[in-house]
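File shown: run_14.pdb. Contents: PDB, C-alpha atoms.
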```pdb
MODEL        1
ATOM      1  CA  MET N   5     -25.418 202.043  57.835  1.00  0.00           C
ATOM      2  CA  TYR N   6     -22.866 204.676  58.780  1.00  0.00           C
ATOM      3  CA  ASN N   7     -20.689 204.445  61.854  1.00  0.00           C
ATOM      4  CA  LYS N   8     -20.827 207.758  63.720  1.00  0.00           C
ATOM      5  CA  TYR N   9     -17.049 207.852  64.039  1.00  0.00           C
ATOM      6  CA  THR N  10     -16.549 207.741  60.254  1.00  0.00           C
ATOM      7  CA  LEU N  11     -17.527 211.381  59.865  1.00  0.00           C
ATOM      8  CA  ILE N  12     -15.715 212.410  63.041  1.00  0.00           C
ATOM      9  CA  SER N  13     -12.464 210.930  61.816  1.00  0.00           C
ATOM     10  CA  LEU N  14     -12.831 212.663  58.447  1.00  0.00           C
ATOM     11  CA  ILE N  15     -12.719 216.120  59.975  1.00  0.00           C
ATOM     12  CA  GLY N  16      -9.992 215.289  62.396  1.00  0.00           C
ATOM     13  CA  PHE N  17     -11.821 214.708  65.662  1.00  0.00           C
ATOM     14  CA  CYS N  18     -10.436 211.202  66.210  1.00  0.00           C
ATOM     15  CA  LEU N  19      -6.754 211.314  67.082  1.00  0.00           C
ATOM     16  CA  ALA N  20      -4.397 208.464  67.920  1.00  0.00           C
ATOM     17  CA  PHE N  21      -4.158 207.629  71.599  1.00  0.00           C
ATOM     18  CA  SER N  22      -1.007 206.370  73.258  1.00  0.00           C
ATOM     19  CA  SER N  23      -0.500 204.287  76.370  1.00  0.00           C
ATOM     20  CA  CYS N  24       2.395 206.583  77.262  1.00  0.00           C
ATOM     21  CA  LYS N  25       2.054 209.750  79.266  1.00  0.00           C
ATOM     22  CA  THR N  26       0.048 212.410  77.446  1.00  0.00           C
ATOM     23  CA  LYS N  27       2.216 215.038  75.772  1.00  0.00           C
ATOM     24  CA  TYR N  28       1.063 218.632  76.040  1.00  0.00           C
ATOM     25  CA  TYR N  29       1.814 221.315  73.464  1.00  0.00           C
ATOM     26  CA  PRO N  30       1.477 225.001  74.299  1.00  0.00           C
ATOM     27  CA  PHE N  31      -1.367 226.315  72.187  1.00  0.00           C
ATOM     28  CA  ASP N  32      -3.372 229.511  72.182  1.00  0.00           C
ATOM     29  CA  PHE N  33      -4.954 230.512  68.881  1.00  0.00           C
ATOM     30  CA  ASN N  34      -4.211 234.239  69.132  1.00  0.00           C
ATOM     31  CA  THR N  35      -0.671 233.716  70.432  1.00  0.00           C
ATOM     32  CA  HIS N  36       0.534 230.938  68.172  1.00  0.00           C
ATOM     33  CA  LEU N  37      -1.402 231.491  64.941  1.00  0.00           C
ATOM     34  CA  THR N  38      -0.405 235.082  64.341  1.00  0.00           C
ATOM     35  CA  PRO N  39      -1.466 237.110  61.273  1.00  0.00           C
ATOM     36  CA  LYS N  40       2.051 236.570  59.909  1.00  0.00           C
ATOM     37  CA  ILE N  41       1.783 232.761  60.175  1.00  0.00           C
ATOM     38  CA  LEU N  42      -1.682 232.743  58.596  1.00  0.00           C
ATOM     39  CA  SER N  43      -0.549 235.106  55.831  1.00  0.00           C
ATOM     40  CA  GLU N  44       2.412 232.864  54.981  1.00  0.00           C
ATOM     41  CA  THR N  45       0.218 229.755  55.007  1.00  0.00           C
ATOM     42  CA  PHE N  46      -2.452 231.117  52.689  1.00  0.00           C
ATOM     43  CA  ALA N  47       0.187 232.637  50.399  1.00  0.00           C
ATOM     44  CA  THR N  48       2.060 229.340  50.153  1.00  0.00           C
ATOM     45  CA  GLN N  49      -1.053 227.312  49.421  1.00  0.00           C
ATOM     46  CA  ASP N  50      -2.584 229.887  47.087  1.00  0.00           C
ATOM     47  CA  ASN N  51       0.598 229.830  45.020  1.00  0.00           C
ATOM     48  CA  ASN N  52      -0.588 226.482  43.742  1.00  0.00           C
ATOM     49  CA  LYS N  53      -3.216 228.327  41.682  1.00  0.00           C
ATOM     50  CA  SER N  54      -3.171 228.029  37.947  1.00  0.00           C
ATOM     51  CA  ALA N  55      -1.082 230.561  35.982  1.00  0.00           C
ATOM     52  CA  ARG N  56      -4.294 232.078  34.653  1.00  0.00           C
ATOM     53  CA  GLU N  57      -5.635 232.703  38.147  1.00  0.00           C
ATOM     54  CA  LYS N  58      -2.342 234.227  39.272  1.00  0.00           C
ATOM     55  CA  ALA N  59      -2.154 236.579  36.308  1.00  0.00           C
ATOM     56  CA  SER N  60      -5.709 237.843  36.786  1.00  0.00           C
ATOM     57  CA  GLN N  61      -5.195 238.582  40.476  1.00  0.00           C
ATOM     58  CA  VAL N  62      -1.640 239.816  40.840  1.00  0.00           C
ATOM     59  CA  ALA N  63      -2.360 243.424  39.812  1.00  0.00           C
ATOM     60  CA  SER N  64      -5.516 243.829  41.869  1.00  0.00           C
ATOM     61  CA  SER N  65      -4.688 241.930  45.046  1.00  0.00           C
ATOM     62  CA  SER N  66      -0.926 242.058  45.540  1.00  0.00           C
ATOM     63  CA  LEU N  67      -1.136 245.167  47.701  1.00  0.00           C
ATOM     64  CA  GLU N  68      -4.423 244.327  49.380  1.00  0.00           C
ATOM     65  CA  GLN N  69      -4.870 242.698  52.739  1.00  0.00           C
ATOM     66  CA  LYS N  70      -6.854 239.529  53.164  1.00  0.00           C
ATOM     67  CA  THR N  71      -9.739 239.440  55.592  1.00  0.00           C
ATOM     68  CA  VAL N  72      -9.890 236.237  57.631  1.00  0.00           C
ATOM     69  CA  HIS N  73     -13.179 235.209  59.220  1.00  0.00           C
ATOM     70  CA  ILE N  74     -12.648 232.783  62.096  1.00  0.00           C
ATOM     71  CA  TYR N  75     -15.415 230.268  62.806  1.00  0.00           C
ATOM     72  CA  LYS N  76     -15.276 227.892  65.741  1.00  0.00           C
ATOM     73  CA  THR N  77     -17.195 225.094  67.405  1.00  0.00           C
ATOM     74  CA  LYS N  78     -16.354 222.670  70.214  1.00  0.00           C
ATOM     75  CA  PHE N  79     -16.947 218.961  70.750  1.00  0.00           C
ATOM     76  CA  ILE N  80     -16.927 217.221  74.120  1.00  0.00           C
ATOM     77  CA  GLU N  81     -16.612 213.548  75.062  1.00  0.00           C
ATOM     78  CA  GLY N  82     -18.887 212.051  77.697  1.00  0.00           C
ATOM     79  CA  TRP N  83     -21.365 209.317  78.587  1.00  0.00           C
ATOM     80  CA  LEU N  84     -24.709 209.291  76.777  1.00  0.00           C
ATOM     81  CA  GLU N  85     -27.678 207.406  78.269  1.00  0.00           C
ATOM     82  CA  GLN N  86     -29.561 205.273  75.733  1.00  0.00           C
ATOM     83  CA  ASP N  87     -32.144 202.631  76.702  1.00  0.00           C
ATOM     84  CA  ASN N  88     -30.567 201.932  80.116  1.00  0.00           C
ATOM     85  CA  PHE N  89     -27.101 201.686  78.586  1.00  0.00           C
ATOM     86  CA  LEU N  90     -24.253 204.183  78.629  1.00  0.00           C
ATOM     87  CA  ASP N  91     -22.473 204.891  75.352  1.00  0.00           C
ATOM     88  CA  TRP N  92     -19.273 206.951  75.052  1.00  0.00           C
ATOM     89  CA  ALA N  93     -20.154 209.809  72.712  1.00  0.00           C
ATOM     90  CA  VAL N  94     -18.642 212.910  71.132  1.00  0.00           C
ATOM     91  CA  LEU N  95     -21.197 215.730  71.030  1.00  0.00           C
ATOM     92  CA  ASN N  96     -21.193 219.342  69.928  1.00  0.00           C
ATOM     93  CA  GLU N  97     -21.122 221.769  72.856  1.00  0.00           C
ATOM     94  CA  ASN N  98     -24.705 222.865  72.108  1.00  0.00           C
ATOM     95  CA  ARG N  99     -25.815 219.283  72.903  1.00  0.00           C
ATOM     96  CA  GLN N 100     -23.910 218.981  76.171  1.00  0.00           C
ATOM     97  CA  ARG N 101     -27.154 218.710  78.145  1.00  0.00           C
ATOM     98  CA  GLU N 102     -27.705 215.282  76.548  1.00  0.00           C
ATOM     99  CA  PHE N 103     -24.829 213.740  78.511  1.00  0.00           C
ATOM    100  CA  ALA N 104     -25.618 211.729  81.644  1.00  0.00           C
ATOM    101  CA  SER N 105     -26.566 214.151  84.390  1.00  0.00           C
ATOM    102  CA  TYR N 106     -23.751 212.983  86.682  1.00  0.00           C
ATOM    103  CA  ASP N 107     -21.156 213.228  83.902  1.00  0.00           C
ATOM    104  CA  GLY N 108     -21.827 216.381  81.897  1.00  0.00           C
ATOM    105  CA  GLY N 109     -19.097 215.656  79.385  1.00  0.00           C
ATOM    106  CA  GLN N 110     -15.506 215.232  80.481  1.00  0.00           C
ATOM    107  CA  LYS N 111     -11.971 214.315  79.499  1.00  0.00           C
ATOM    108  CA  HIS N 112     -11.229 215.205  75.856  1.00  0.00           C
ATOM    109  CA  LEU N 113     -12.272 218.455  74.208  1.00  0.00           C
ATOM    110  CA  TYR N 114     -12.043 219.283  70.494  1.00  0.00           C
ATOM    111  CA  ASN N 115     -11.887 222.919  69.407  1.00  0.00           C
ATOM    112  CA  CYS N 116     -12.699 223.008  65.695  1.00  0.00           C
ATOM    113  CA  TYR N 117     -11.897 225.946  63.435  1.00  0.00           C
ATOM    114  CA  ILE N 118     -12.741 227.120  59.928  1.00  0.00           C
ATOM    115  CA  LEU N 119     -10.718 230.066  58.611  1.00  0.00           C
ATOM    116  CA  LEU N 120     -12.071 231.812  55.492  1.00  0.00           C
ATOM    117  CA  ALA N 121      -9.695 234.293  53.827  1.00  0.00           C
ATOM    118  CA  LYS N 122      -9.831 236.504  50.728  1.00  0.00           C
ATOM    119  CA  THR N 123      -9.050 239.966  49.396  1.00  0.00           C
ATOM    120  CA  PRO N 124     -11.913 242.135  48.052  1.00  0.00           C
ATOM    121  CA  ASN N 125     -11.046 241.351  44.418  1.00  0.00           C
ATOM    122  CA  GLU N 126     -10.538 237.619  44.712  1.00  0.00           C
ATOM    123  CA  PRO N 127     -13.408 235.601  43.184  1.00  0.00           C
ATOM    124  CA  SER N 128     -13.504 233.029  45.973  1.00  0.00           C
ATOM    125  CA  ALA N 129     -12.256 232.521  49.506  1.00  0.00           C
ATOM    126  CA  SER N 130      -9.563 230.093  50.600  1.00  0.00           C
ATOM    127  CA  PHE N 131     -10.166 228.087  53.756  1.00  0.00           C
ATOM    128  CA  ILE N 132      -8.340 226.081  56.397  1.00  0.00           C
ATOM    129  CA  LEU N 133     -10.332 223.613  58.515  1.00  0.00           C
ATOM    130  CA  PHE N 134      -8.667 221.999  61.517  1.00  0.00           C
ATOM    131  CA  THR N 135      -9.195 220.591  65.010  1.00  0.00           C
ATOM    132  CA  VAL N 136      -7.228 221.022  68.245  1.00  0.00           C
ATOM    133  CA  GLN N 137      -7.552 218.334  70.913  1.00  0.00           C
ATOM    134  CA  SER N 138      -7.134 219.163  74.593  1.00  0.00           C
ATOM    135  CA  GLU N 139      -8.115 217.749  77.979  1.00  0.00           C
ATOM    136  CA  SER N 140     -10.641 219.184  80.384  1.00  0.00           C
ATOM    137  CA  GLY N 141      -8.946 221.235  83.083  1.00  0.00           C
ATOM    138  CA  GLU N 142      -5.564 221.249  81.318  1.00  0.00           C
ATOM    139  CA  ASP N 143      -3.817 224.012  79.406  1.00  0.00           C
ATOM    140  CA  GLY N 144      -2.464 223.572  75.886  1.00  0.00           C
ATOM    141  CA  ALA N 145      -3.146 220.915  73.282  1.00  0.00           C
ATOM    142  CA  THR N 146      -2.664 217.155  73.276  1.00  0.00           C
ATOM    143  CA  GLY N 147      -2.844 216.765  69.515  1.00  0.00           C
ATOM    144  CA  PHE N 148      -4.130 218.053  66.190  1.00  0.00           C
ATOM    145  CA  GLY N 149      -6.446 216.452  63.660  1.00  0.00           C
ATOM    146  CA  LYS N 150      -6.058 216.514  59.900  1.00  0.00           C
ATOM    147  CA  ILE N 151      -5.879 220.022  58.482  1.00  0.00           C
ATOM    148  CA  TYR N 152      -7.745 220.646  55.241  1.00  0.00           C
ATOM    149  CA  TYR N 153      -7.022 223.456  52.796  1.00  0.00           C
ATOM    150  CA  GLY N 154      -9.112 224.417  49.781  1.00  0.00           C
ATOM    151  CA  LYS N 155     -11.601 226.859  48.265  1.00  0.00           C
ATOM    152  CA  LEU N 156     -15.122 227.982  49.118  1.00  0.00           C
ATOM    153  CA  ILE N 157     -17.260 227.094  46.085  1.00  0.00           C
ATOM    154  CA  THR N 158     -20.548 228.890  45.409  1.00  0.00           C
ATOM    155  CA  ASN N 159     -22.053 227.909  42.060  1.00  0.00           C
ATOM    156  CA  GLY N 160     -25.757 228.631  42.515  1.00  0.00           C
ATOM    157  CA  LYS N 161     -26.614 224.954  43.033  1.00  0.00           C
ATOM    158  CA  ALA N 162     -24.535 224.114  46.065  1.00  0.00           C
ATOM    159  CA  ASP N 163     -22.193 225.846  48.472  1.00  0.00           C
ATOM    160  CA  TYR N 164     -19.293 223.820  49.810  1.00  0.00           C
ATOM    161  CA  LEU N 165     -15.738 223.844  51.096  1.00  0.00           C
ATOM    162  CA  ASN N 166     -13.717 222.011  48.451  1.00  0.00           C
ATOM    163  CA  ALA N 167     -10.683 220.530  50.250  1.00  0.00           C
ATOM    164  CA  THR N 168      -7.781 219.773  47.919  1.00  0.00           C
ATOM    165  CA  ARG N 169      -4.829 219.419  50.292  1.00  0.00           C
ATOM    166  CA  ILE N 170      -4.007 218.040  53.729  1.00  0.00           C
ATOM    167  CA  LEU N 171      -1.552 219.942  55.937  1.00  0.00           C
ATOM    168  CA  LYS N 172       0.053 219.363  59.326  1.00  0.00           C
ATOM    169  CA  LEU N 173       0.568 221.781  62.201  1.00  0.00           C
ATOM    170  CA  LYS N 174       4.177 221.753  63.408  1.00  0.00           C
ATOM    171  CA  PHE N 175       5.417 223.405  66.615  1.00  0.00           C
ATOM    172  CA  ASP N 176       8.839 225.076  66.778  1.00  0.00           C
ATOM    173  CA  ALA N 177       9.907 225.311  70.425  1.00  0.00           C
ATOM    174  CA  ALA N 178      12.706 227.755  69.556  1.00  0.00           C
ATOM    175  CA  THR N 179      10.289 230.378  68.214  1.00  0.00           C
ATOM    176  CA  ASN N 180       7.212 229.298  70.200  1.00  0.00           C
ATOM    177  CA  GLN N 181       5.233 229.325  66.945  1.00  0.00           C
ATOM    178  CA  TYR N 182       3.359 226.872  64.778  1.00  0.00           C
ATOM    179  CA  THR N 183       3.608 226.460  61.029  1.00  0.00           C
ATOM    180  CA  PHE N 184       1.390 224.621  58.570  1.00  0.00           C
ATOM    181  CA  LYS N 185       3.446 222.068  56.651  1.00  0.00           C
ATOM    182  CA  GLY N 186       2.875 219.397  54.015  1.00  0.00           C
ATOM    183  CA  ASP N 187       1.044 219.187  50.737  1.00  0.00           C
ATOM    184  CA  LYS N 188      -0.775 215.860  50.478  1.00  0.00           C
ATOM    185  CA  ASN N 189      -3.600 215.878  47.958  1.00  0.00           C
ATOM    186  CA  THR N 190      -7.162 215.001  48.872  1.00  0.00           C
ATOM    187  CA  HIS N 191     -10.639 215.394  47.398  1.00  0.00           C
ATOM    188  CA  LEU N 192     -13.170 216.135  50.105  1.00  0.00           C
ATOM    189  CA  ARG N 193     -16.235 218.344  50.014  1.00  0.00           C
ATOM    190  CA  PHE N 194     -17.864 219.810  53.093  1.00  0.00           C
ATOM    191  CA  ILE N 195     -21.373 220.752  51.915  1.00  0.00           C
ATOM    192  CA  LEU N 196     -22.724 223.896  53.581  1.00  0.00           C
ATOM    193  CA  LYS N 197     -26.282 224.737  54.520  1.00  0.00           C
ATOM    194  CA  GLU N 198     -25.737 228.137  52.910  1.00  0.00           C
ATOM    195  CA  SER N 199     -22.849 230.278  51.745  1.00  0.00           C
ATOM    196  CA  PRO N 200     -21.590 233.229  53.778  1.00  0.00           C
ATOM    197  CA  SER N 201     -22.014 236.661  52.231  1.00  0.00           C
ATOM    198  CA  TRP N 202     -18.559 238.214  52.127  1.00  0.00           C
ATOM    199  CA  SER N 203     -19.824 241.779  52.413  1.00  0.00           C
ATOM    200  CA  ASN N 204     -21.942 240.821  55.417  1.00  0.00           C
ATOM    201  CA  PRO N 205     -20.675 237.421  56.618  1.00  0.00           C
ATOM    202  CA  SER N 206     -23.148 235.157  58.333  1.00  0.00           C
ATOM    203  CA  ASP N 207     -22.641 234.414  61.996  1.00  0.00           C
ATOM    204  CA  GLU N 208     -22.656 230.669  61.350  1.00  0.00           C
ATOM    205  CA  LEU N 209     -21.398 228.034  58.939  1.00  0.00           C
ATOM    206  CA  THR N 210     -23.173 224.689  59.075  1.00  0.00           C
ATOM    207  CA  ILE N 211     -21.791 221.579  57.376  1.00  0.00           C
ATOM    208  CA  THR N 212     -24.679 219.317  56.352  1.00  0.00           C
ATOM    209  CA  LYS N 213     -22.833 216.607  54.394  1.00  0.00           C
ATOM    210  CA  VAL N 214     -19.332 215.363  53.666  1.00  0.00           C
ATOM    211  CA  THR N 215     -18.519 213.715  50.332  1.00  0.00           C
ATOM    212  CA  PHE N 216     -15.335 211.955  49.280  1.00  0.00           C
ATOM    213  CA  GLY N 217     -14.194 209.733  46.457  1.00  0.00           C
ATOM    214  CA  ASP N 218     -13.538 206.026  46.823  1.00  0.00           C
ATOM    215  CA  LYS N 219     -12.099 203.460  44.443  1.00  0.00           C
ATOM    216  CA  ASN N 220     -12.599 199.719  44.324  1.00  0.00           C
ATOM    217  CA  GLU N 221     -11.930 196.945  41.820  1.00  0.00           C
ATOM    218  CA  LEU N 222     -15.570 196.103  41.098  1.00  0.00           C
ATOM    219  CA  SER N 223     -17.209 199.453  40.443  1.00  0.00           C
ATOM    220  CA  GLY N 224     -14.322 201.860  39.925  1.00  0.00           C
ATOM    221  CA  SER N 225     -14.534 205.388  41.309  1.00  0.00           C
ATOM    222  CA  LYS N 226     -17.540 206.239  43.439  1.00  0.00           C
ATOM    223  CA  VAL N 227     -18.453 209.239  45.553  1.00  0.00           C
ATOM    224  CA  ILE N 228     -19.567 208.524  49.107  1.00  0.00           C
ATOM    225  CA  GLU N 229     -21.921 211.009  50.761  1.00  0.00           C
ATOM    226  CA  ILE N 230     -22.185 211.139  54.539  1.00  0.00           C
ATOM    227  CA  PRO N 231     -25.123 213.138  55.975  1.00  0.00           C
ATOM    228  CA  VAL N 232     -24.314 214.846  59.262  1.00  0.00           C
ATOM    229  CA  ASP N 233     -27.792 214.485  60.773  1.00  0.00           C
ATOM    230  CA  LYS N 234     -27.927 210.692  60.316  1.00  0.00           C
ATOM    231  CA  VAL N 235     -24.384 210.046  61.497  1.00  0.00           C
ATOM    232  CA  MET N 236     -24.128 212.492  64.393  1.00  0.00           C
ATOM    233  CA  GLY N 237     -27.756 212.609  65.514  1.00  0.00           C
ATOM    234  CA  SER N 238     -28.442 216.284  64.833  1.00  0.00           C
ATOM    235  CA  ALA N 239     -28.458 218.513  61.746  1.00  0.00           C
ATOM    236  CA  GLY N 240     -26.707 221.203  63.785  1.00  0.00           C
ATOM    237  CA  SER N 241     -23.832 219.032  64.999  1.00  0.00           C
ATOM    238  CA  LEU N 242     -21.348 220.735  62.662  1.00  0.00           C
ATOM    239  CA  LYS N 243     -22.478 224.311  63.204  1.00  0.00           C
ATOM    240  CA  TYR N 244     -19.555 226.750  63.428  1.00  0.00           C
ATOM    241  CA  THR N 245     -20.102 230.193  64.944  1.00  0.00           C
ATOM    242  CA  LYS N 246     -18.116 233.228  63.793  1.00  0.00           C
ATOM    243  CA  ARG N 247     -15.875 234.278  66.687  1.00  0.00           C
ATOM    244  CA  ASN N 248     -13.551 236.874  65.206  1.00  0.00           C
ATOM    245  CA  GLN N 249     -12.296 238.679  62.104  1.00  0.00           C
ATOM    246  CA  ILE N 250      -8.709 239.740  61.410  1.00  0.00           C
ATOM    247  CA  SER N 251      -6.682 241.221  58.562  1.00  0.00           C
ATOM    248  CA  ILE N 252      -3.495 239.644  57.222  1.00  0.00           C
ATOM    249  CA  PRO N 253      -0.996 240.981  54.649  1.00  0.00           C
TER
ENDMDL
END
```
Show me, as C-alpha cells, the structure contained in the file I just sent.
Amino acid sequence: MYNKYTLISLIGFCLAFSSCKTKYYPFDFNTHLTPKILSETFATQDNNKSAREKASQVASSSLEQKTVHIYKTKFIEGWLEQDNFLDWAVLNENRQREFASYDGGQKHLYNCYILLAKTPNEPSASFILFTVQSESGEDGATGFGKIYYGKLITNGKADYLNATRILKLKFDAATNQYTFKGDKNTHLRFILKESPSWSNPSDELTITKVTFGDKNELSGSKVIEIPVDKVMGSAGSLKYTKRNQISIP
C-alpha cells in the first residue's frame, strides 16, 4: 500500500520544516528566471549529451533559438473531512472544493512547473521540473523542492519525462537572480498521459505514474511504479496547464 506522501516527496512537494522563523526568498518566475538564466541552464545540462548527439546538432541548431513551453499547476494544504475525521492533505488546486468548508485550504502553497525546451531541429525536448513553496498571503518563496532535468521521450509505446539529473536553485542576493546548480544523477520517469505535439503543443501535461529504480540485497535492482490516481486520489492530480511560451537563445 502506497503512502500518499511518497509520490509528493518524489516531485519535490515535501520540504524540510524548521522550528526557527521561516525564511523568505524573493521569487517571481518572470523576474528571476529570465530567458538568459534558462538559456544558460539548458545549455549547461545539454552539454552532457553524447559526442554523436552534439555533432549532429551543432550545425543545425547553434544559431537557432529554443522555444520554452511553461506548464504550471498548484497544490494547497488544508483539512480534508473523511468519515468524521479531519486529515491534513495536499491537494491540487482543481480539488480545492474538497477541503473542509470552513478551511478552504490554507498555509503552504506549492507552485509546480514543467519547462519543455527545444529548437526546431532537435529530435527531443529537454525539460526542467521543479516546485516552489510559499505561504498563503505572503510574498516570495519559503523553499524549493528537488529540481529534475532530463529529456522528453516519445517512442510510440509510452511518453514520459526521463529525469537523469537533480539540480538545486541558488539565489544570489548581489544580482537578485537565481541559478540552477548541481549535477547529481538520478533515474526517474514521469509517465505522461500523452505527449505534447511540438508544432501545436497541448494545453496540458498530465503525469499518470512515476517510476524509479530501487536496489536491495535480496532481489537486486527493481523498478517501483507509483500510480498517481491511487496515491493522490485523482487521476488528474498531476495535471499541468500551459501558461506561457518564451524564446531563449
Check which residues of segment 68-152 of chain N sit at most 12 Å from segment 180-200 of chain N using only C-alpha atoms, and return one row each with the closest pair of atoms and their distance in Å to one decimal, ordered by chain and rising number, as a Markdown table.
```
| residue | atom | partner | partner_atom | distance |
| --- | --- | --- | --- | --- |
| N:His73 | CA | N:Pro200 | CA | 10.2 |
| N:Tyr75 | CA | N:Pro200 | CA | 11.3 |
| N:Ile118 | CA | N:Phe194 | CA | 11.2 |
| N:Leu120 | CA | N:Pro200 | CA | 9.8 |
| N:Ala121 | CA | N:Pro200 | CA | 11.9 |
| N:Ser128 | CA | N:Pro200 | CA | 11.2 |
| N:Ala129 | CA | N:Pro200 | CA | 10.3 |
| N:Phe131 | CA | N:Phe194 | CA | 11.3 |
| N:Ile132 | CA | N:Phe184 | CA | 10.1 |
| N:Leu133 | CA | N:Phe194 | CA | 10.0 |
| N:Phe134 | CA | N:Phe184 | CA | 10.8 |
| N:Phe148 | CA | N:Phe184 | CA | 11.5 |
| N:Lys150 | CA | N:Lys188 | CA | 10.8 |
| N:Ile151 | CA | N:Phe184 | CA | 8.6 |
| N:Tyr152 | CA | N:Thr190 | CA | 8.5 |
```
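Straight-line separation from atom CA of Glu139 of chain N to atom CA of Glu97 of chain N: 14.5 Å.
Of the listed residues (N:Lys122, N:Gly147, N:His36, N:Ala104), N:Ala104 comes nearest to Asp91 of chain N; the distances count only C-alpha atoms.
The protein and nucleic acid residues lying at most 8 Å from Gln69 of chain N are Thr123, Ser251, Ile252 and Pro253 of chain N, with all atoms listed in the file considered and sequence neighbours fewer than 6 positions away removed.
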Kindly resolve the PyMOL selection byres ((chain N and resi 248) around 9) on the present coordinates and return the residues as a ChimeraX atom specification.
-> /N:72-75,246-247,249-250
For Thr146 of chain N, list every protein, DNA or RNA residue within 7 Å, evaluated using only C-alpha atoms, and leave out those in the same chain fewer than 2 positions away; present the list as a list in words.
->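 The contact residues come out as Thr26, Lys27, Tyr28, Tyr29, Gln137, Ser138 and Gly144 of chain N.
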Return as lines of an AutoDock Vina configuration file the centre and edge lengths, in Å with one decimal, of the box along x, y and z that encloses every atom of segment 100-114 of chain N in the file, padded by 6 Å per side.
```
center_x = -19.5
center_y = 215.5
center_z = 78.6
size_x = 28.5
size_y = 19.6
size_z = 28.2
```
Students should find that atom CA of Phe103 of chain N and atom CA of Gly82 of chain N are spaced 6.2 Å
So what do you get for atom CA of Tyr117 of chain N versus atom CA of Trp83 of chain N, distance-wise?
-> 24.4 Å
Taking the file as shown, what set of residues would the PyMOL selection byres ((chain N and resi 210) around 8) give back, as an NGL selection string?
-> :N and (196-198 or 208-209 or 211-212 or 240 or 242-244)
Which is closest to Glu68 of chain N among N:Asn125, N:Gln49, N:Ser105, N:Asn88, if we use all atoms listed in the file?
-> N:Asn125
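Closest approach to Val136 of chain N from the set N:Thr71, N:Thr245, N:Gln110, N:Thr77 is made by N:Thr77, with distances taken over all atoms listed in the file.
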Using only C-alpha atoms, give me every residue within 6 Å of (-9.6, 225.9, 49.9) in file coordinates, as a ChimeraX atom specification.
-> /N:130-131,153-156,166-167
On this structure, which residues satisfy the PyMOL selection byres ((chain N and resi 233) around 12), written as a list in words?
->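 Evaluating the PyMOL selection byres ((chain N and resi 233) around 12) on this file yields Tyr6, Lys8, Leu11, Thr210, Ile211, Thr212, Lys213, Val214, Ile230, Pro231, Val232, Lys234, Val235, Met236, Gly237, Ser238, Ala239, Gly240, Ser241, Leu242 and Lys243 of chain N.
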Please produce a file of the residues just selected, as a CSV table (one decimal), in the coordinates of the input, where the atoms kept are C-alpha atoms.
```csv
chain,number,residue,atom,x,y,z
N,6,TYR,CA,-22.9,204.7,58.8
N,8,LYS,CA,-20.8,207.8,63.7
N,11,LEU,CA,-17.5,211.4,59.9
N,210,THR,CA,-23.2,224.7,59.1
N,211,ILE,CA,-21.8,221.6,57.4
N,212,THR,CA,-24.7,219.3,56.4
N,213,LYS,CA,-22.8,216.6,54.4
N,214,VAL,CA,-19.3,215.4,53.7
N,230,ILE,CA,-22.2,211.1,54.5
N,231,PRO,CA,-25.1,213.1,56.0
N,232,VAL,CA,-24.3,214.8,59.3
N,234,LYS,CA,-27.9,210.7,60.3
N,235,VAL,CA,-24.4,210.0,61.5
N,236,MET,CA,-24.1,212.5,64.4
N,237,GLY,CA,-27.8,212.6,65.5
N,238,SER,CA,-28.4,216.3,64.8
N,239,ALA,CA,-28.5,218.5,61.7
N,240,GLY,CA,-26.7,221.2,63.8
N,241,SER,CA,-23.8,219.0,65.0
N,242,LEU,CA,-21.3,220.7,62.7
N,243,LYS,CA,-22.5,224.3,63.2
```
